[in-house]
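Shown next: protein_36.pdb, containing PDB, C-alpha atoms.
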ATOM      1  CA  MET Z1305       0.000   0.000   0.000  1.00  0.00           C
ATOM      2  CA  HIS Z1306       1.347   3.421  -0.894  1.00  0.00           C
ATOM      3  CA  ASN Z1307       1.765   5.916   1.911  1.00  0.00           C
ATOM      4  CA  TYR Z1308      -1.266   8.209   1.843  1.00  0.00           C
ATOM      5  CA  PHE Z1309       0.796  11.273   2.707  1.00  0.00           C
ATOM      6  CA  ASN Z1310       3.401  10.464   0.060  1.00  0.00           C
ATOM      7  CA  TYR Z1311       0.986  11.141  -2.790  1.00  0.00           C
ATOM      8  CA  PHE Z1312       3.155  13.859  -4.322  1.00  0.00           C
ATOM      9  CA  THR Z1313       6.500  12.128  -3.823  1.00  0.00           C
ATOM     10  CA  GLU Z1314       5.281   8.803  -5.230  1.00  0.00           C
ATOM     11  CA  ILE Z1315       4.013  10.501  -8.380  1.00  0.00           C
ATOM     12  CA  GLU Z1316       7.181  12.536  -8.869  1.00  0.00           C
ATOM     13  CA  GLU Z1317       9.464   9.520  -8.460  1.00  0.00           C
ATOM     14  CA  HIS Z1318       7.339   7.301 -10.697  1.00  0.00           C
ATOM     15  CA  PHE Z1319       7.273   9.917 -13.457  1.00  0.00           C
ATOM     16  CA  GLN Z1320      11.047  10.293 -13.241  1.00  0.00           C
ATOM     17  CA  ARG Z1321      11.574   6.523 -13.397  1.00  0.00           C
ATOM     18  CA  ARG Z1322       9.442   6.176 -16.513  1.00  0.00           C
ATOM     19  CA  ARG Z1323      11.105   9.160 -18.153  1.00  0.00           C
ATOM     20  CA  GLY Z1324      14.506   7.605 -17.488  1.00  0.00           C
ATOM     21  CA  THR Z1325      16.169  10.795 -16.279  1.00  0.00           C
ATOM     22  CA  ILE Z1326      15.752  13.103 -13.305  1.00  0.00           C
ATOM     23  CA  LEU Z1327      13.521  16.048 -14.173  1.00  0.00           C
ATOM     24  CA  LEU Z1328      12.425  18.436 -11.456  1.00  0.00           C
ATOM     25  CA  LEU Z1329       8.693  18.933 -11.636  1.00  0.00           C
ATOM     26  CA  SER Z1330       7.545  22.368 -12.706  1.00  0.00           C
ATOM     27  CA  THR Z1331       4.996  24.611 -11.016  1.00  0.00           C
ATOM     28  CA  LEU Z1332       2.493  23.368 -13.580  1.00  0.00           C
ATOM     29  CA  ASP Z1333       3.244  19.739 -12.686  1.00  0.00           C
ATOM     30  CA  TRP Z1334       2.803  20.300  -8.941  1.00  0.00           C
ATOM     31  CA  ALA Z1335      -0.413  22.181  -9.562  1.00  0.00           C
ATOM     32  CA  LEU Z1336      -1.692  19.302 -11.689  1.00  0.00           C
ATOM     33  CA  ILE Z1337      -0.917  16.782  -8.940  1.00  0.00           C
ATOM     34  CA  GLU Z1338      -2.927  18.934  -6.546  1.00  0.00           C
ATOM     35  CA  THR Z1339      -5.919  18.924  -8.879  1.00  0.00           C
ATOM     36  CA  TRP Z1340      -5.767  15.124  -8.978  1.00  0.00           C
ATOM     37  CA  LYS Z1341      -5.524  14.920  -5.190  1.00  0.00           C
ATOM     38  CA  GLU Z1342      -8.396  17.318  -4.640  1.00  0.00           C
ATOM     39  CA  ALA Z1343     -10.491  15.458  -7.213  1.00  0.00           C
ATOM     40  CA  GLY Z1344     -10.008  12.303  -5.138  1.00  0.00           C
ATOM     41  CA  ILE Z1345      -8.094  10.422  -7.831  1.00  0.00           C
ATOM     42  CA  PRO Z1346      -6.350   7.466  -6.140  1.00  0.00           C
ATOM     43  CA  LEU Z1347      -2.582   7.343  -6.213  1.00  0.00           C
ATOM     44  CA  GLU Z1348      -2.724   3.960  -7.941  1.00  0.00           C
ATOM     45  CA  ALA Z1349      -4.776   5.473 -10.771  1.00  0.00           C
ATOM     46  CA  VAL Z1350      -2.209   8.224 -11.295  1.00  0.00           C
ATOM     47  CA  LEU Z1351       0.646   5.713 -11.412  1.00  0.00           C
ATOM     48  CA  ARG Z1352      -1.269   3.505 -13.842  1.00  0.00           C
ATOM     49  CA  GLY Z1353      -2.038   6.521 -16.008  1.00  0.00           C
ATOM     50  CA  ILE Z1354       1.619   7.534 -16.109  1.00  0.00           C
ATOM     51  CA  ASP Z1355       2.576   3.995 -17.128  1.00  0.00           C
ATOM     52  CA  ALA Z1356      -0.064   3.905 -19.863  1.00  0.00           C
ATOM     53  CA  ALA Z1357       1.006   7.281 -21.265  1.00  0.00           C
ATOM     54  CA  PHE Z1358       4.665   6.244 -21.411  1.00  0.00           C
ATOM     55  CA  ASP Z1359       3.786   2.827 -22.847  1.00  0.00           C
ATOM     56  CA  HIS Z1360       1.966   4.553 -25.720  1.00  0.00           C
ATOM     57  CA  TYR Z1361       4.796   7.032 -26.150  1.00  0.00           C
ATOM     58  CA  GLU Z1362       7.410   4.273 -26.321  1.00  0.00           C
ATOM     59  CA  GLN Z1363       5.451   2.504 -29.058  1.00  0.00           C
ATOM     60  CA  ARG Z1364       5.809   5.487 -31.368  1.00  0.00           C
ATOM     61  CA  PRO Z1365       8.147   4.802 -34.309  1.00  0.00           C
ATOM     62  CA  ARG Z1366       9.678   8.258 -34.037  1.00  0.00           C
ATOM     63  CA  LYS Z1367      10.265  10.137 -30.786  1.00  0.00           C
ATOM     64  CA  THR Z1368      11.425  13.638 -31.614  1.00  0.00           C
ATOM     65  CA  ARG Z1369      10.742  15.091 -28.172  1.00  0.00           C
ATOM     66  CA  LYS Z1370      10.996  13.807 -24.621  1.00  0.00           C
ATOM     67  CA  VAL Z1371       8.057  13.847 -22.240  1.00  0.00           C
ATOM     68  CA  ASN Z1372       8.738  16.960 -20.162  1.00  0.00           C
ATOM     69  CA  SER Z1373       5.506  17.411 -18.232  1.00  0.00           C
ATOM     70  CA  LEU Z1374       3.005  15.362 -16.252  1.00  0.00           C
ATOM     71  CA  ALA Z1375       0.314  17.038 -18.322  1.00  0.00           C
ATOM     72  CA  PHE Z1376       1.271  14.606 -21.094  1.00  0.00           C
ATOM     73  CA  CYS Z1377      -0.187  11.851 -18.888  1.00  0.00           C
ATOM     74  CA  SER Z1378      -3.393  13.685 -17.972  1.00  0.00           C
ATOM     75  CA  GLN Z1379      -5.815  11.808 -20.219  1.00  0.00           C
ATOM     76  CA  GLU Z1380      -4.460   8.405 -19.239  1.00  0.00           C
ATOM     77  CA  VAL Z1381      -4.644   9.288 -15.543  1.00  0.00           C
ATOM     78  CA  LEU Z1382      -8.325  10.212 -15.877  1.00  0.00           C
ATOM     79  CA  ALA Z1383      -8.982   7.039 -17.869  1.00  0.00           C
ATOM     80  CA  ALA Z1384      -7.298   4.919 -15.187  1.00  0.00           C
ATOM     81  CA  ALA Z1385      -9.318   6.661 -12.483  1.00  0.00           C
ATOM     82  CA  GLU Z1386     -12.556   5.896 -14.326  1.00  0.00           C
ATOM     83  CA  GLU Z1387     -11.568   2.260 -14.774  1.00  0.00           C
ATOM     84  CA  MET Z1388     -10.811   1.895 -11.080  1.00  0.00           C
ATOM     85  CA  LYS Z1389     -14.069   3.583 -10.170  1.00  0.00           C
ATOM     86  CA  GLU Z1390     -16.090   1.280 -12.398  1.00  0.00           C
ATOM     87  CA  ALA Z1391     -14.312  -1.778 -11.058  1.00  0.00           C
ATOM     88  CA  ALA Z1392     -14.738  -0.555  -7.481  1.00  0.00           C
ATOM     89  CA  VAL Z1393     -11.026  -0.975  -6.913  1.00  0.00           C
ATOM     90  CA  GLY Z1394      -9.248   0.908  -4.160  1.00  0.00           C
ATOM     91  CA  THR Z1395      -9.056   1.298  -0.431  1.00  0.00           C
ATOM     92  CA  LYS Z1396     -10.887   3.544   1.954  1.00  0.00           C
ATOM     93  CA  ARG Z1397      -9.279   6.780   2.986  1.00  0.00           C
ATOM     94  CA  GLU Z1398      -9.531   5.843   6.654  1.00  0.00           C
ATOM     95  CA  THR Z1399      -7.487   2.704   6.032  1.00  0.00           C
ATOM     96  CA  GLU Z1400      -4.858   4.675   4.175  1.00  0.00           C
ATOM     97  CA  GLU Z1401      -4.601   7.208   6.962  1.00  0.00           C
ATOM     98  CA  SER Z1402      -4.070   4.500   9.554  1.00  0.00           C
ATOM     99  CA  ASP Z1403      -0.967   3.492   7.582  1.00  0.00           C
ATOM    100  CA  SER Z1404       0.305   7.014   7.098  1.00  0.00           C
ATOM    101  CA  GLY Z1405       3.585   6.307   8.856  1.00  0.00           C
ATOM    102  CA  LEU Z1406       3.636   9.793  10.385  1.00  0.00           C
ATOM    103  CA  SER Z1407       4.423  10.226  14.056  1.00  0.00           C
ATOM    104  CA  SER Z1408       3.166  12.983  16.313  1.00  0.00           C
ATOM    105  CA  GLY Z1409       6.737  14.143  16.761  1.00  0.00           C
ATOM    106  CA  ASP Z1410       7.333  14.444  13.012  1.00  0.00           C
ATOM    107  CA  ILE Z1411       4.133  16.418  12.525  1.00  0.00           C
ATOM    108  CA  CYS Z1412       4.874  18.748  15.447  1.00  0.00           C
ATOM    109  CA  ILE Z1413       8.356  19.484  14.081  1.00  0.00           C
ATOM    110  CA  TYR Z1414       6.859  20.186  10.655  1.00  0.00           C
ATOM    111  CA  LEU Z1415       4.216  22.543  12.073  1.00  0.00           C
ATOM    112  CA  THR Z1416       6.695  24.357  14.326  1.00  0.00           C
ATOM    113  CA  LYS Z1417       9.161  24.854  11.458  1.00  0.00           C
ATOM    114  CA  ASN Z1418       6.438  26.311   9.255  1.00  0.00           C
ATOM    115  CA  ALA Z1419       5.262  28.591  12.055  1.00  0.00           C
ATOM    116  CA  ALA Z1420       8.777  30.045  12.219  1.00  0.00           C
ATOM    117  CA  LEU Z1421       8.811  30.601   8.448  1.00  0.00           C
ATOM    118  CA  PHE Z1422       5.491  32.445   8.631  1.00  0.00           C
ATOM    119  CA  ARG Z1423       6.816  34.735  11.346  1.00  0.00           C
ATOM    120  CA  LEU Z1424       9.957  35.514   9.353  1.00  0.00           C
ATOM    121  CA  ALA Z1425       8.123  36.202   6.089  1.00  0.00           C
ATOM    122  CA  LYS Z1426       8.397  39.762   4.759  1.00  0.00           C
ATOM    123  CA  LEU Z1427       4.765  40.710   4.297  1.00  0.00           C
ATOM    124  CA  GLU Z1428       2.689  43.821   4.727  1.00  0.00           C
ATOM    125  CA  GLY Z1429      -0.844  44.745   5.692  1.00  0.00           C
ATOM    126  CA  ILE Z1430      -3.487  42.046   5.860  1.00  0.00           C
ATOM    127  CA  ALA Z1431      -1.061  39.393   4.568  1.00  0.00           C
ATOM    128  CA  GLU Z1432       1.307  40.009   7.490  1.00  0.00           C
ATOM    129  CA  GLN Z1433      -1.548  39.826   9.973  1.00  0.00           C
ATOM    130  CA  VAL Z1434      -2.898  36.576   8.514  1.00  0.00           C
ATOM    131  CA  ALA Z1435       0.603  35.044   8.436  1.00  0.00           C
ATOM    132  CA  ARG Z1436       1.164  35.827  12.113  1.00  0.00           C
ATOM    133  CA  GLU Z1437      -2.223  34.385  13.011  1.00  0.00           C
ATOM    134  CA  ALA Z1438      -1.381  31.300  10.956  1.00  0.00           C
ATOM    135  CA  ALA Z1439       1.893  30.880  12.862  1.00  0.00           C
ATOM    136  CA  ASP Z1440       0.037  30.998  16.177  1.00  0.00           C
ATOM    137  CA  SER Z1441      -2.503  28.484  14.876  1.00  0.00           C
ATOM    138  CA  LEU Z1442       0.212  26.087  13.721  1.00  0.00           C
ATOM    139  CA  LEU Z1443       1.792  26.104  17.173  1.00  0.00           C
ATOM    140  CA  SER Z1444      -1.637  25.553  18.697  1.00  0.00           C
ATOM    141  CA  VAL Z1445      -2.247  22.555  16.434  1.00  0.00           C
ATOM    142  CA  ALA Z1446       1.148  21.134  17.391  1.00  0.00           C
ATOM    143  CA  GLU Z1447       0.427  21.490  21.108  1.00  0.00           C
ATOM    144  CA  ASP Z1448      -3.010  19.950  20.673  1.00  0.00           C
ATOM    145  CA  LEU Z1449      -1.553  16.993  18.791  1.00  0.00           C
ATOM    146  CA  LYS Z1450       0.878  16.259  21.628  1.00  0.00           C
ATOM    147  CA  THR Z1451      -2.045  15.566  23.956  1.00  0.00           C
ATOM    148  CA  LYS Z1452      -3.698  13.009  21.684  1.00  0.00           C
ATOM    149  CA  VAL Z1453      -3.386   9.383  22.683  1.00  0.00           C
ATOM    150  CA  SER Z1454      -3.796   8.191  19.101  1.00  0.00           C
ATOM    151  CA  GLN Z1455      -2.703  10.804  16.560  1.00  0.00           C
ATOM    152  CA  HIS Z1456      -3.907   8.786  13.557  1.00  0.00           C
ATOM    153  CA  ARG Z1457      -7.507   9.422  14.531  1.00  0.00           C
ATOM    154  CA  HIS Z1458      -6.913  13.173  14.410  1.00  0.00           C
ATOM    155  CA  LEU Z1459      -4.910  13.522  11.181  1.00  0.00           C
ATOM    156  CA  GLU Z1460      -8.007  14.388   9.193  1.00  0.00           C
ATOM    157  CA  ASN Z1461      -8.882  17.200  11.602  1.00  0.00           C
ATOM    158  CA  VAL Z1462      -5.306  18.500  11.461  1.00  0.00           C
ATOM    159  CA  GLU Z1463      -5.365  18.472   7.664  1.00  0.00           C
ATOM    160  CA  ARG Z1464      -8.713  20.285   7.653  1.00  0.00           C
ATOM    161  CA  ARG Z1465      -7.362  23.043   9.919  1.00  0.00           C
ATOM    162  CA  LEU Z1466      -4.291  23.434   7.726  1.00  0.00           C
ATOM    163  CA  THR Z1467      -6.508  23.744   4.648  1.00  0.00           C
ATOM    164  CA  VAL Z1468      -8.484  26.558   6.279  1.00  0.00           C
ATOM    165  CA  LEU Z1469      -5.260  28.401   7.154  1.00  0.00           C
ATOM    166  CA  GLU Z1470      -3.982  28.072   3.573  1.00  0.00           C
ATOM    167  CA  GLU Z1471      -7.250  29.375   2.142  1.00  0.00           C
ATOM    168  CA  LYS Z1472      -7.163  32.439   4.409  1.00  0.00           C
ATOM    169  CA  LEU Z1473      -3.540  33.093   3.512  1.00  0.00           C
ATOM    170  CA  GLN Z1474      -4.191  32.741  -0.205  1.00  0.00           C
ATOM    171  CA  ALA Z1475      -6.990  35.296  -0.048  1.00  0.00           C
ATOM    172  CA  ALA Z1476      -4.699  37.716   1.813  1.00  0.00           C
ATOM    173  CA  LEU Z1477      -1.854  37.248  -0.688  1.00  0.00           C
ATOM    174  CA  LEU Z1478      -4.182  37.881  -3.619  1.00  0.00           C
ATOM    175  CA  THR Z1479      -5.235  41.145  -1.987  1.00  0.00           C
ATOM    176  CA  SER Z1480      -1.654  42.216  -1.205  1.00  0.00           C
ATOM    177  CA  THR Z1481       0.029  41.330  -4.511  1.00  0.00           C
ATOM    178  CA  PRO Z1482       0.125  44.069  -7.180  1.00  0.00           C
ATOM    179  CA  GLU Z1483      -2.233  43.556 -10.105  1.00  0.00           C
ATOM    180  CA  LYS Z1484       0.660  43.626 -12.576  1.00  0.00           C
ATOM    181  CA  GLU Z1485       2.341  40.666 -10.893  1.00  0.00           C
ATOM    182  CA  LEU Z1486      -0.878  38.663 -10.705  1.00  0.00           C
ATOM    183  CA  LEU Z1487      -1.403  39.253 -14.413  1.00  0.00           C
ATOM    184  CA  ALA Z1488       2.137  38.073 -15.175  1.00  0.00           C
ATOM    185  CA  ILE Z1489       1.586  34.860 -13.197  1.00  0.00           C
ATOM    186  CA  ARG Z1490      -1.715  34.137 -14.933  1.00  0.00           C
ATOM    187  CA  THR Z1491      -0.151  34.807 -18.330  1.00  0.00           C
ATOM    188  CA  ASP Z1492       2.656  32.380 -17.535  1.00  0.00           C
ATOM    189  CA  ALA Z1493       0.117  29.765 -16.426  1.00  0.00           C
ATOM    190  CA  ASP Z1494      -1.848  30.127 -19.670  1.00  0.00           C
ATOM    191  CA  ARG Z1495       1.358  29.795 -21.684  1.00  0.00           C
ATOM    192  CA  GLN Z1496       2.411  26.596 -19.949  1.00  0.00           C
ATOM    193  CA  ILE Z1497      -1.053  25.048 -20.060  1.00  0.00           C
ATOM    194  CA  ALA Z1498      -1.685  25.924 -23.718  1.00  0.00           C
ATOM    195  CA  ALA Z1499      -0.038  22.806 -25.152  1.00  0.00           C
ATOM    196  CA  TYR Z1500      -2.165  20.515 -22.986  1.00  0.00           C
ATOM    197  CA  ARG Z1501      -5.599  22.137 -23.210  1.00  0.00           C
ATOM    198  CA  GLY Z1502      -6.839  19.400 -25.491  1.00  0.00           C
ATOM    199  CA  LYS Z1503      -6.039  16.792 -22.849  1.00  0.00           C
ATOM    200  CA  MET Z1504      -8.040  18.416 -20.032  1.00  0.00           C
ATOM    201  CA  SER Z1505     -11.584  19.523 -19.345  1.00  0.00           C
ATOM    202  CA  ALA Z1506     -12.474  23.175 -18.752  1.00  0.00           C
ATOM    203  CA  ALA Z1507     -12.972  22.456 -15.045  1.00  0.00           C
ATOM    204  CA  GLN Z1508      -9.539  20.860 -14.809  1.00  0.00           C
ATOM    205  CA  ILE Z1509      -7.884  23.786 -16.547  1.00  0.00           C
ATOM    206  CA  ASP Z1510      -9.610  26.274 -14.244  1.00  0.00           C
ATOM    207  CA  GLN Z1511      -8.485  24.344 -11.167  1.00  0.00           C
ATOM    208  CA  LEU Z1512      -4.983  24.010 -12.563  1.00  0.00           C
ATOM    209  CA  GLN Z1513      -4.729  27.763 -13.113  1.00  0.00           C
ATOM    210  CA  LYS Z1514      -5.816  28.406  -9.518  1.00  0.00           C
ATOM    211  CA  GLN Z1515      -3.284  25.934  -8.132  1.00  0.00           C
ATOM    212  CA  PHE Z1516      -0.552  27.431 -10.311  1.00  0.00           C
ATOM    213  CA  LEU Z1517      -1.307  30.917  -9.008  1.00  0.00           C
ATOM    214  CA  HIS Z1518      -1.410  29.691  -5.410  1.00  0.00           C
ATOM    215  CA  LYS Z1519       1.970  27.982  -5.673  1.00  0.00           C
ATOM    216  CA  ARG Z1520       3.606  30.964  -7.377  1.00  0.00           C
ATOM    217  CA  LEU Z1521       2.386  33.370  -4.697  1.00  0.00           C
ATOM    218  CA  LEU Z1522       3.772  31.173  -1.936  1.00  0.00           C
ATOM    219  CA  GLU Z1523       7.095  31.011  -3.773  1.00  0.00           C
ATOM    220  CA  ARG Z1524       7.120  34.784  -4.237  1.00  0.00           C
ATOM    221  CA  TYR Z1525       6.815  35.405  -0.494  1.00  0.00           C
ATOM    222  CA  GLY Z1526       8.923  32.437   0.616  1.00  0.00           C
ATOM    223  CA  LEU Z1527       6.041  30.721   2.373  1.00  0.00           C
ATOM    224  CA  PRO Z1528       5.652  26.946   2.832  1.00  0.00           C
ATOM    225  CA  ARG Z1529       2.699  24.744   2.003  1.00  0.00           C
ATOM    226  CA  LEU Z1530       0.847  23.629   5.113  1.00  0.00           C
ATOM    227  CA  SER Z1531      -0.688  20.310   4.071  1.00  0.00           C
ATOM    228  CA  LEU Z1532       0.692  17.114   5.619  1.00  0.00           C
ATOM    229  CA  PHE Z1533       1.129  15.921   2.041  1.00  0.00           C
ATOM    230  CA  TYR Z1534       4.225  18.132   1.885  1.00  0.00           C
ATOM    231  CA  MET Z1535       6.024  16.553   4.829  1.00  0.00           C
TER     232      MET Z1535
END
Target format structure tokens, applied to this file:
Amino acid sequence: MHNYFNYFTEIEEHFQRRRGTILLLSTLDWALIETWKEAGIPLEAVLRGIDAAFDHYEQRPRKTRKVNSLAFCSQEVLAAAEEMKEAAVGTKRETEESDSGLSSGDICIYLTKNAALFRLAKLEGIAEQVAREAADSLLSVAEDLKTKVSQHRHLENVERRLTVLEEKLQAALLTSTPEKELLAIRTDADRQIAAYRGKMSAAQIDQLQKQFLHKRLLERYGLPRLSLFYM
């Protein structure tokens, strides 16, 4: 069984293995993985989709270009997800969480480290206020987790609280970032997505653009992701 909280790492490593060379995933790639996660696509479906896409690619008589983006695998990932859904294959989320392999100590260290990064971030106005509140909340979550007898039972609640903090922060960053910079990020997203529009639905593209913007804003201000998926 794949580690539930290793969703991102498993996909990255599998893509690199099939490509045959190490290629750091782009902002677009990470945003695409997030859309799959949020859509509830099982890790196994993503890995199967990547395999299918590369299998088809390797059967081509002429390969003039290497596969340089996960977006190349998008259609096969969705097809694999549908096949698994129809066959009722997969495991329950609760079962996956119980095998997460994360200890309370690891999570507390992760939360405390991110709290420090939020306090050190160079922000202004509402973004600075939200970041400081987020830092306090992260430390509160860490302290709360230390008192739990069985931390596995509370991982879902922790993840939910982290999601709320990220959503508040994203709204504050959107308000604080100059319009010109937001436009530049969106233009870059459209440019990178353009080659793969035919492989994705309108809803997927919209979600991908939002994830791309979110990741770029965090990078701009040197802020970490909060989800346990990034441990």
Which of these, Z:Ser1505, Z:Asn1310, Z:Ala1349, Z:Lys1514, has the shortest distance to Leu1478 (chain Z) once you count only C-alpha atoms?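 Comparing Z:Ser1505, Z:Asn1310, Z:Ala1349, Z:Lys1514 against Leu1478 (chain Z), the winner is Z:Lys1514.
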I'd like to see the residues matched by the PyMOL selection byres ((chain Z and resi 1411) around 10) on this file, and ideally I'd get them as a PDB file with C-alpha atoms, in the frame of the given file.
ATOM      1  CA  LEU Z1406       3.636   9.793  10.385  1.00  0.00           C
ATOM      2  CA  SER Z1407       4.423  10.226  14.056  1.00  0.00           C
ATOM      3  CA  SER Z1408       3.166  12.983  16.313  1.00  0.00           C
ATOM      4  CA  GLY Z1409       6.737  14.143  16.761  1.00  0.00           C
ATOM      5  CA  ASP Z1410       7.333  14.444  13.012  1.00  0.00           C
ATOM      6  CA  CYS Z1412       4.874  18.748  15.447  1.00  0.00           C
ATOM      7  CA  ILE Z1413       8.356  19.484  14.081  1.00  0.00           C
ATOM      8  CA  TYR Z1414       6.859  20.186  10.655  1.00  0.00           C
ATOM      9  CA  LEU Z1415       4.216  22.543  12.073  1.00  0.00           C
ATOM     10  CA  THR Z1416       6.695  24.357  14.326  1.00  0.00           C
ATOM     11  CA  LYS Z1417       9.161  24.854  11.458  1.00  0.00           C
ATOM     12  CA  VAL Z1445      -2.247  22.555  16.434  1.00  0.00           C
ATOM     13  CA  ALA Z1446       1.148  21.134  17.391  1.00  0.00           C
ATOM     14  CA  LEU Z1449      -1.553  16.993  18.791  1.00  0.00           C
ATOM     15  CA  LYS Z1450       0.878  16.259  21.628  1.00  0.00           C
ATOM     16  CA  GLN Z1455      -2.703  10.804  16.560  1.00  0.00           C
ATOM     17  CA  LEU Z1459      -4.910  13.522  11.181  1.00  0.00           C
ATOM     18  CA  VAL Z1462      -5.306  18.500  11.461  1.00  0.00           C
ATOM     19  CA  LEU Z1532       0.692  17.114   5.619  1.00  0.00           C
ATOM     20  CA  MET Z1535       6.024  16.553   4.829  1.00  0.00           C
TER      21      MET Z1535
END
Please provide the set of residues having any atom within 12 Å of His1360 (chain Z), restricted to all atoms listed in the file, with same-chain residues fewer than 2 positions apart removed, written as a PyMOL selection string. chain Z and resi 1322+1353-1358+1362-1367+1371+1376-1377+1379-1380
Point (-1.9, 6.3, -6.3), cut-off 8 Å, counting only C-alpha atoms, residues as a list in words: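 All residues meeting the 8 Å criterion around (-1.9, 6.3, -6.3) are His1306, Tyr1311, Glu1314, Ile1315, Ile1345, Pro1346, Leu1347, Glu1348, Ala1349, Val1350 and Leu1351 of chain Z.
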Excluding Arg1501 (chain Z) and residues on its chain fewer than 3 positions from it, collect all residues at most 12 Å away from it, counting all atoms listed in the file, and give them as a PyMOL selection string. chain Z and resi 1375-1376+1378-1379+1493-1498+1504-1510+1512-1513
Please write the residues from the selection above to a file, keeping C-alpha atoms, as a compact mmCIF listing (two decimals), keeping the file's coordinate frame.
# COMPACT_ATOMS: atom_id res chain seq x y z
CA ALA Z 1375 0.31 17.04 -18.32
CA PHE Z 1376 1.27 14.61 -21.09
CA SER Z 1378 -3.39 13.68 -17.97
CA GLN Z 1379 -5.82 11.81 -20.22
CA ALA Z 1493 0.12 29.76 -16.43
CA ASP Z 1494 -1.85 30.13 -19.67
CA ARG Z 1495 1.36 29.80 -21.68
CA GLN Z 1496 2.41 26.60 -19.95
CA ILE Z 1497 -1.05 25.05 -20.06
CA ALA Z 1498 -1.68 25.92 -23.72
CA MET Z 1504 -8.04 18.42 -20.03
CA SER Z 1505 -11.58 19.52 -19.34
CA ALA Z 1506 -12.47 23.18 -18.75
CA ALA Z 1507 -12.97 22.46 -15.04
CA GLN Z 1508 -9.54 20.86 -14.81
CA ILE Z 1509 -7.88 23.79 -16.55
CA ASP Z 1510 -9.61 26.27 -14.24
CA LEU Z 1512 -4.98 24.01 -12.56
CA GLN Z 1513 -4.73 27.76 -13.11
Counting only C-alpha atoms, write as a list of chain:residue names all protein and nucleic acid residues lying at most 7 Å from (-8.2, 23.0, -8.1) in the file's frame.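 Those residues lying close to the given coordinates are Z:Glu1338, Z:Thr1339, Z:Glu1342, Z:Gln1511, Z:Leu1512, Z:Lys1514, Z:Gln1515.
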Surrounding residues of Thr1325 (chain Z) excluding itself and chain neighbours under 5 positions, 12 Å, only C-alpha atoms, as a list in words: Glu1316, Glu1317, His1318, Phe1319, Gln1320, Lys1370, Val1371 and Asn1372 of chain Z
Suppose we keep C-alpha atoms; can you now write the selection as a JSON list (two decimals), in the coordinates of the input?
[["chain", "number", "residue", "atom", "x", "y", "z"],
["Z", 1316, "GLU", "CA", 7.18, 12.54, -8.87],
["Z", 1317, "GLU", "CA", 9.46, 9.52, -8.46],
["Z", 1318, "HIS", "CA", 7.34, 7.30, -10.70],
["Z", 1319, "PHE", "CA", 7.27, 9.92, -13.46],
["Z", 1320, "GLN", "CA", 11.05, 10.29, -13.24],
["Z", 1370, "LYS", "CA", 11.00, 13.81, -24.62],
["Z", 1371, "VAL", "CA", 8.06, 13.85, -22.24],
["Z", 1372, "ASN", "CA", 8.74, 16.96, -20.16]]
If I wrap all listed atoms of region 1354-1364 of chain Z in a box with edges along x, y and z and add 8 Å on each side, what are its centre and edge lengths in Å to one decimal, as JSON?
{"center_x": 3.7, "center_y": 5.0, "center_z": -23.7, "size_x": 23.5, "size_y": 21.0, "size_z": 31.3}
I'd like the contact shell of Leu1473 (chain Z) - 8 Å cut-off, only C-alpha atoms, skipping same-chain residues fewer than 5 positions apart - returned as a list in words.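 Here the answer would be Ala1431, Val1434, Ala1435 and Ala1438 of chain Z.
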Would you list the contacts of Phe1422 (chain Z) as a PyMOL selection string, taking every protein, DNA or RNA residue within 12 Å and counting all atoms listed in the file, but skipping same-chain residues closer than 2 positions in sequence? chain Z and resi 1415-1420+1424-1427+1431-1443+1469-1470+1473+1522+1525-1530
Export, as a PDB file, in the coordinates of the input, the selected residues with C-alpha atoms.
ATOM      1  CA  LEU Z1415       4.216  22.543  12.073  1.00  0.00           C
ATOM      2  CA  THR Z1416       6.695  24.357  14.326  1.00  0.00           C
ATOM      3  CA  LYS Z1417       9.161  24.854  11.458  1.00  0.00           C
ATOM      4  CA  ASN Z1418       6.438  26.311   9.255  1.00  0.00           C
ATOM      5  CA  ALA Z1419       5.262  28.591  12.055  1.00  0.00           C
ATOM      6  CA  ALA Z1420       8.777  30.045  12.219  1.00  0.00           C
ATOM      7  CA  LEU Z1424       9.957  35.514   9.353  1.00  0.00           C
ATOM      8  CA  ALA Z1425       8.123  36.202   6.089  1.00  0.00           C
ATOM      9  CA  LYS Z1426       8.397  39.762   4.759  1.00  0.00           C
ATOM     10  CA  LEU Z1427       4.765  40.710   4.297  1.00  0.00           C
ATOM     11  CA  ALA Z1431      -1.061  39.393   4.568  1.00  0.00           C
ATOM     12  CA  GLU Z1432       1.307  40.009   7.490  1.00  0.00           C
ATOM     13  CA  GLN Z1433      -1.548  39.826   9.973  1.00  0.00           C
ATOM     14  CA  VAL Z1434      -2.898  36.576   8.514  1.00  0.00           C
ATOM     15  CA  ALA Z1435       0.603  35.044   8.436  1.00  0.00           C
ATOM     16  CA  ARG Z1436       1.164  35.827  12.113  1.00  0.00           C
ATOM     17  CA  GLU Z1437      -2.223  34.385  13.011  1.00  0.00           C
ATOM     18  CA  ALA Z1438      -1.381  31.300  10.956  1.00  0.00           C
ATOM     19  CA  ALA Z1439       1.893  30.880  12.862  1.00  0.00           C
ATOM     20  CA  ASP Z1440       0.037  30.998  16.177  1.00  0.00           C
ATOM     21  CA  SER Z1441      -2.503  28.484  14.876  1.00  0.00           C
ATOM     22  CA  LEU Z1442       0.212  26.087  13.721  1.00  0.00           C
ATOM     23  CA  LEU Z1443       1.792  26.104  17.173  1.00  0.00           C
ATOM     24  CA  LEU Z1469      -5.260  28.401   7.154  1.00  0.00           C
ATOM     25  CA  GLU Z1470      -3.982  28.072   3.573  1.00  0.00           C
ATOM     26  CA  LEU Z1473      -3.540  33.093   3.512  1.00  0.00           C
ATOM     27  CA  LEU Z1522       3.772  31.173  -1.936  1.00  0.00           C
ATOM     28  CA  TYR Z1525       6.815  35.405  -0.494  1.00  0.00           C
ATOM     29  CA  GLY Z1526       8.923  32.437   0.616  1.00  0.00           C
ATOM     30  CA  LEU Z1527       6.041  30.721   2.373  1.00  0.00           C
ATOM     31  CA  PRO Z1528       5.652  26.946   2.832  1.00  0.00           C
ATOM     32  CA  ARG Z1529       2.699  24.744   2.003  1.00  0.00           C
ATOM     33  CA  LEU Z1530       0.847  23.629   5.113  1.00  0.00           C
TER      34      LEU Z1530
END
